[in-house]
Amino acid sequence: IGGSIFMHKRIHKATWRSPDHITENQIDHMCISQKFRRLWSDVRVMRGADVCSDHHLLVTSARLRLKKYSTSNNARKRYNVGLLKDKDTQKSFKLSLSNKFQPLQELFKEEDTGIEDQWQQAKKGWLDTCEEVLGRKKAHQKEWISFTTLQ
């Protein structure tokens, strides 16, 4: 609850004036979620605004700090591994994987390749199989601040 946490003169805190124009009270407040409480920089009463009421307008100043989002060129590829719960998908994945690794095993026996080359070929086999059978996982990014919060 904002309105009384910022230092102002008493006249800039009173949000309601009685009909006798003597009594003033602070009865209107601004509420904000605990998550966004540090965004407020000031809450004060605007007495000159004509709102056709015995209440004064309560205004808050907020600073919105947005995080810079950078896209990486080598972002991690996520595959839809949830499809492996299906038996048919499991069988096709195993079959495709064994078809990829059969020629690799024969190649490794025939040639004296380095461990780094073997790793790159095995990795390529796994990634190609995942891409063909499972496909990429769709990114569902949760909205961190809603449109209604901004208004």
# chains A, B, ... in the order shown; residues from 1 in each chain; ligands from 1
$ closest_atom_pairs --of "region 2-116 of chain A" --to "region 132-149 of chain A" --cutoff "10 Å" --atoms "only C-alpha atoms" --output "tab-separated table"
residue	atom	partner	partner_atom	distance
A:Ile32	CA	A:Thr149	CA	9.3
A:Ser33	CA	A:Thr149	CA	9.5
A:Phe36	CA	A:Thr149	CA	9.6
A:Lys77	CA	A:Arg136	CA	7.2
A:Arg78	CA	A:Lys137	CA	5.5
A:Tyr79	CA	A:Arg136	CA	4.4
A:Asn80	CA	A:Lys137	CA	4.6
A:Val81	CA	A:Leu134	CA	6.6
A:Gly82	CA	A:Leu134	CA	8.6
A:Leu83	CA	A:Leu134	CA	6.6
A:Leu84	CA	A:Leu134	CA	7.9
A:Thr89	CA	A:Val133	CA	7.4
A:Gln90	CA	A:Val133	CA	9.2
A:Ser92	CA	A:Val133	CA	7.2
A:Phe93	CA	A:Val133	CA	6.0
A:Lys94	CA	A:Val133	CA	9.8
A:Ser96	CA	A:Val133	CA	8.0
A:Leu97	CA	A:Val133	CA	9.6
$ select_by_dssp --residues "chain A" --states "strand (DSSP E or B)" --output "mmCIF file with N, CA, C and O atoms, in the first residue's frame"
data_model
loop_
_atom_site.group_PDB
_atom_site.id
_atom_site.type_symbol
_atom_site.label_atom_id
_atom_site.label_comp_id
_atom_site.auth_asym_id
_atom_site.auth_seq_id
_atom_site.Cartn_x
_atom_site.Cartn_y
_atom_site.Cartn_z
ATOM 1 N N GLY A 2 0.666 2.100 -0.956
ATOM 2 C CA GLY A 2 1.485 3.298 -1.048
ATOM 3 C C GLY A 2 0.675 4.535 -0.692
ATOM 4 O O GLY A 2 -0.541 4.530 -0.679
ATOM 5 N N TRP A 16 -8.612 13.244 1.051
ATOM 6 C CA TRP A 16 -10.035 13.565 1.190
ATOM 7 C C TRP A 16 -10.195 14.806 2.044
ATOM 8 O O TRP A 16 -9.522 14.973 3.053
ATOM 9 N N ARG A 17 -11.077 15.663 1.641
ATOM 10 C CA ARG A 17 -11.373 16.874 2.408
ATOM 11 C C ARG A 17 -12.853 16.855 2.744
ATOM 12 O O ARG A 17 -13.710 16.636 1.884
ATOM 13 N N GLU A 24 -9.040 17.016 6.971
ATOM 14 C CA GLU A 24 -8.448 16.315 5.836
ATOM 15 C C GLU A 24 -7.916 14.981 6.328
ATOM 16 O O GLU A 24 -7.308 14.907 7.390
ATOM 17 N N ASN A 25 -8.155 13.943 5.558
ATOM 18 C CA ASN A 25 -7.699 12.601 5.928
ATOM 19 C C ASN A 25 -7.030 11.926 4.744
ATOM 20 O O ASN A 25 -7.304 12.255 3.590
ATOM 21 N N MET A 30 -2.864 3.558 -2.872
ATOM 22 C CA MET A 30 -2.531 2.791 -4.063
ATOM 23 C C MET A 30 -2.039 1.423 -3.599
ATOM 24 O O MET A 30 -1.236 1.350 -2.678
ATOM 25 N N TRP A 40 8.012 1.641 -7.523
ATOM 26 C CA TRP A 40 7.483 2.970 -7.214
ATOM 27 C C TRP A 40 8.597 3.903 -6.788
ATOM 28 O O TRP A 40 9.434 3.572 -5.964
ATOM 29 N N SER A 41 8.568 5.085 -7.351
ATOM 30 C CA SER A 41 9.529 6.088 -6.917
ATOM 31 C C SER A 41 8.850 7.187 -6.102
ATOM 32 O O SER A 41 9.499 7.868 -5.318
ATOM 33 N N ASP A 42 7.528 7.386 -6.271
ATOM 34 C CA ASP A 42 6.830 8.421 -5.511
ATOM 35 C C ASP A 42 5.323 8.206 -5.623
ATOM 36 O O ASP A 42 4.831 7.744 -6.656
ATOM 37 N N VAL A 43 4.611 8.545 -4.540
ATOM 38 C CA VAL A 43 3.154 8.571 -4.529
ATOM 39 C C VAL A 43 2.763 9.880 -3.880
ATOM 40 O O VAL A 43 3.208 10.187 -2.779
ATOM 41 N N ARG A 44 1.948 10.663 -4.571
ATOM 42 C CA ARG A 44 1.539 11.943 -3.998
ATOM 43 C C ARG A 44 0.148 12.317 -4.470
ATOM 44 O O ARG A 44 -0.391 11.711 -5.385
ATOM 45 N N VAL A 45 -0.418 13.342 -3.837
ATOM 46 C CA VAL A 45 -1.762 13.812 -4.146
ATOM 47 C C VAL A 45 -1.658 15.004 -5.089
ATOM 48 O O VAL A 45 -0.882 15.929 -4.861
ATOM 49 N N MET A 46 -2.449 14.991 -6.135
ATOM 50 C CA MET A 46 -2.551 16.125 -7.039
ATOM 51 C C MET A 46 -3.830 16.877 -6.695
ATOM 52 O O MET A 46 -4.931 16.467 -7.073
ATOM 53 N N HIS A 55 -12.653 13.953 -3.087
ATOM 54 C CA HIS A 55 -11.363 13.258 -3.029
ATOM 55 C C HIS A 55 -10.401 13.927 -3.996
ATOM 56 O O HIS A 55 -10.783 14.433 -5.045
ATOM 57 N N LEU A 57 -6.928 13.598 -6.458
ATOM 58 C CA LEU A 57 -6.332 12.590 -7.332
ATOM 59 C C LEU A 57 -5.017 12.096 -6.735
ATOM 60 O O LEU A 57 -4.168 12.883 -6.336
ATOM 61 N N LEU A 58 -4.856 10.785 -6.690
ATOM 62 C CA LEU A 58 -3.645 10.156 -6.164
ATOM 63 C C LEU A 58 -2.834 9.636 -7.345
ATOM 64 O O LEU A 58 -3.333 8.873 -8.160
ATOM 65 N N VAL A 59 -1.587 10.078 -7.427
ATOM 66 C CA VAL A 59 -0.741 9.748 -8.581
ATOM 67 C C VAL A 59 0.530 9.079 -8.083
ATOM 68 O O VAL A 59 1.115 9.480 -7.077
ATOM 69 N N THR A 60 0.955 8.064 -8.811
ATOM 70 C CA THR A 60 2.204 7.396 -8.480
ATOM 71 C C THR A 60 3.179 7.498 -9.643
ATOM 72 O O THR A 60 2.766 7.510 -10.797
ATOM 73 N N SER A 61 4.436 7.609 -9.333
ATOM 74 C CA SER A 61 5.495 7.577 -10.338
ATOM 75 C C SER A 61 6.208 6.242 -10.187
ATOM 76 O O SER A 61 6.578 5.848 -9.087
ATOM 77 N N ALA A 62 6.379 5.577 -11.299
ATOM 78 C CA ALA A 62 7.034 4.266 -11.262
ATOM 79 C C ALA A 62 8.115 4.234 -12.325
ATOM 80 O O ALA A 62 7.991 4.850 -13.381
ATOM 81 N N TYR A 79 14.503 -30.677 -28.031
ATOM 82 C CA TYR A 79 13.699 -31.592 -28.825
ATOM 83 C C TYR A 79 12.506 -32.053 -28.012
ATOM 84 O O TYR A 79 12.530 -32.103 -26.788
ATOM 85 N N ARG A 136 11.622 -30.259 -33.121
ATOM 86 C CA ARG A 136 11.977 -29.253 -32.126
ATOM 87 C C ARG A 136 10.821 -28.995 -31.180
ATOM 88 O O ARG A 136 9.657 -29.054 -31.565
#
$ closest_residue --among "A:Asp112, A:Val51, A:Arg38, A:Phe101" --to "Asp128 (chain A)" --atoms "only C-alpha atoms"
A:Phe101
$ decode --residues "region 111-141 of chain A" --atoms "N, CA and C atoms" --output "mmCIF file, in the first residue's frame"
data_model
loop_
_atom_site.group_PDB
_atom_site.id
_atom_site.type_symbol
_atom_site.label_atom_id
_atom_site.label_comp_id
_atom_site.auth_asym_id
_atom_site.auth_seq_id
_atom_site.Cartn_x
_atom_site.Cartn_y
_atom_site.Cartn_z
ATOM 1 N N GLU A 111 38.793 -47.581 -40.028
ATOM 2 C CA GLU A 111 39.765 -46.496 -40.003
ATOM 3 C C GLU A 111 40.222 -46.231 -38.573
ATOM 4 N N ASP A 112 41.396 -45.695 -38.479
ATOM 5 C CA ASP A 112 41.917 -45.302 -37.174
ATOM 6 C C ASP A 112 41.662 -43.801 -37.009
ATOM 7 N N THR A 113 40.425 -43.474 -36.629
ATOM 8 C CA THR A 113 40.051 -42.065 -36.478
ATOM 9 C C THR A 113 40.279 -41.641 -35.039
ATOM 10 N N GLY A 114 40.479 -40.357 -34.880
ATOM 11 C CA GLY A 114 40.697 -39.817 -33.542
ATOM 12 C C GLY A 114 39.416 -39.792 -32.730
ATOM 13 N N ILE A 115 39.589 -39.685 -31.426
ATOM 14 C CA ILE A 115 38.436 -39.701 -30.525
ATOM 15 C C ILE A 115 37.526 -38.493 -30.760
ATOM 16 N N GLU A 116 38.129 -37.374 -31.141
ATOM 17 C CA GLU A 116 37.338 -36.156 -31.379
ATOM 18 C C GLU A 116 36.456 -36.325 -32.614
ATOM 19 N N ASP A 117 36.996 -36.955 -33.661
ATOM 20 C CA ASP A 117 36.203 -37.200 -34.871
ATOM 21 C C ASP A 117 35.075 -38.192 -34.587
ATOM 22 N N GLN A 118 35.368 -39.219 -33.797
ATOM 23 C CA GLN A 118 34.332 -40.184 -33.424
ATOM 24 C C GLN A 118 33.208 -39.500 -32.639
ATOM 25 N N TRP A 119 33.592 -38.631 -31.719
ATOM 26 C CA TRP A 119 32.590 -37.928 -30.913
ATOM 27 C C TRP A 119 31.700 -37.034 -31.796
ATOM 28 N N GLN A 120 32.305 -36.312 -32.735
ATOM 29 C CA GLN A 120 31.545 -35.423 -33.607
ATOM 30 C C GLN A 120 30.571 -36.208 -34.482
ATOM 31 N N GLN A 121 31.003 -37.358 -34.978
ATOM 32 C CA GLN A 121 30.119 -38.176 -35.818
ATOM 33 C C GLN A 121 28.986 -38.789 -34.995
ATOM 34 N N ALA A 122 29.292 -39.240 -33.774
ATOM 35 C CA ALA A 122 28.249 -39.795 -32.911
ATOM 36 C C ALA A 122 27.251 -38.709 -32.511
ATOM 37 N N LYS A 123 27.754 -37.540 -32.208
ATOM 38 C CA LYS A 123 26.881 -36.420 -31.827
ATOM 39 C C LYS A 123 25.977 -36.036 -33.001
ATOM 40 N N LYS A 124 26.545 -35.992 -34.190
ATOM 41 C CA LYS A 124 25.758 -35.656 -35.383
ATOM 42 C C LYS A 124 24.677 -36.710 -35.616
ATOM 43 N N GLY A 125 24.992 -37.974 -35.377
ATOM 44 C CA GLY A 125 23.998 -39.042 -35.522
ATOM 45 C C GLY A 125 22.833 -38.866 -34.560
ATOM 46 N N TRP A 126 23.135 -38.566 -33.295
ATOM 47 C CA TRP A 126 22.080 -38.346 -32.300
ATOM 48 C C TRP A 126 21.211 -37.150 -32.667
ATOM 49 N N LEU A 127 21.863 -36.034 -33.008
ATOM 50 C CA LEU A 127 21.120 -34.810 -33.308
ATOM 51 C C LEU A 127 20.258 -34.960 -34.554
ATOM 52 N N ASP A 128 20.780 -35.623 -35.572
ATOM 53 C CA ASP A 128 19.992 -35.839 -36.790
ATOM 54 C C ASP A 128 18.782 -36.717 -36.511
ATOM 55 N N THR A 129 18.976 -37.755 -35.704
ATOM 56 C CA THR A 129 17.864 -38.650 -35.357
ATOM 57 C C THR A 129 16.796 -37.905 -34.559
ATOM 58 N N CYS A 130 17.229 -37.113 -33.604
ATOM 59 C CA CYS A 130 16.273 -36.341 -32.802
ATOM 60 C C CYS A 130 15.506 -35.353 -33.669
ATOM 61 N N GLU A 131 16.192 -34.718 -34.593
ATOM 62 C CA GLU A 131 15.545 -33.742 -35.478
ATOM 63 C C GLU A 131 14.512 -34.414 -36.373
ATOM 64 N N GLU A 132 14.866 -35.593 -36.919
ATOM 65 C CA GLU A 132 13.961 -36.292 -37.841
ATOM 66 C C GLU A 132 12.734 -36.853 -37.126
ATOM 67 N N VAL A 133 12.960 -37.559 -36.024
ATOM 68 C CA VAL A 133 11.867 -38.292 -35.378
ATOM 69 C C VAL A 133 11.076 -37.421 -34.409
ATOM 70 N N LEU A 134 11.776 -36.691 -33.550
ATOM 71 C CA LEU A 134 11.091 -35.953 -32.487
ATOM 72 C C LEU A 134 10.688 -34.538 -32.904
ATOM 73 N N GLY A 135 11.554 -33.857 -33.605
ATOM 74 C CA GLY A 135 11.275 -32.471 -33.973
ATOM 75 C C GLY A 135 11.639 -31.532 -32.834
ATOM 76 N N ARG A 136 11.622 -30.259 -33.121
ATOM 77 C CA ARG A 136 11.977 -29.253 -32.126
ATOM 78 C C ARG A 136 10.821 -28.995 -31.180
ATOM 79 N N LYS A 137 11.176 -28.645 -29.954
ATOM 80 C CA LYS A 137 10.176 -28.300 -28.947
ATOM 81 C C LYS A 137 9.835 -26.828 -29.088
ATOM 82 N N LYS A 138 8.557 -26.540 -29.077
ATOM 83 C CA LYS A 138 8.112 -25.154 -29.192
ATOM 84 C C LYS A 138 8.334 -24.446 -27.867
ATOM 85 N N ALA A 139 8.883 -23.255 -27.909
ATOM 86 C CA ALA A 139 9.155 -22.486 -26.697
ATOM 87 C C ALA A 139 7.878 -21.776 -26.252
ATOM 88 N N HIS A 140 7.498 -22.012 -25.012
ATOM 89 C CA HIS A 140 6.347 -21.327 -24.425
ATOM 90 C C HIS A 140 6.887 -20.411 -23.350
ATOM 91 N N GLN A 141 7.092 -19.155 -23.706
ATOM 92 C CA GLN A 141 7.671 -18.210 -22.763
ATOM 93 C C GLN A 141 6.557 -17.494 -22.022
#
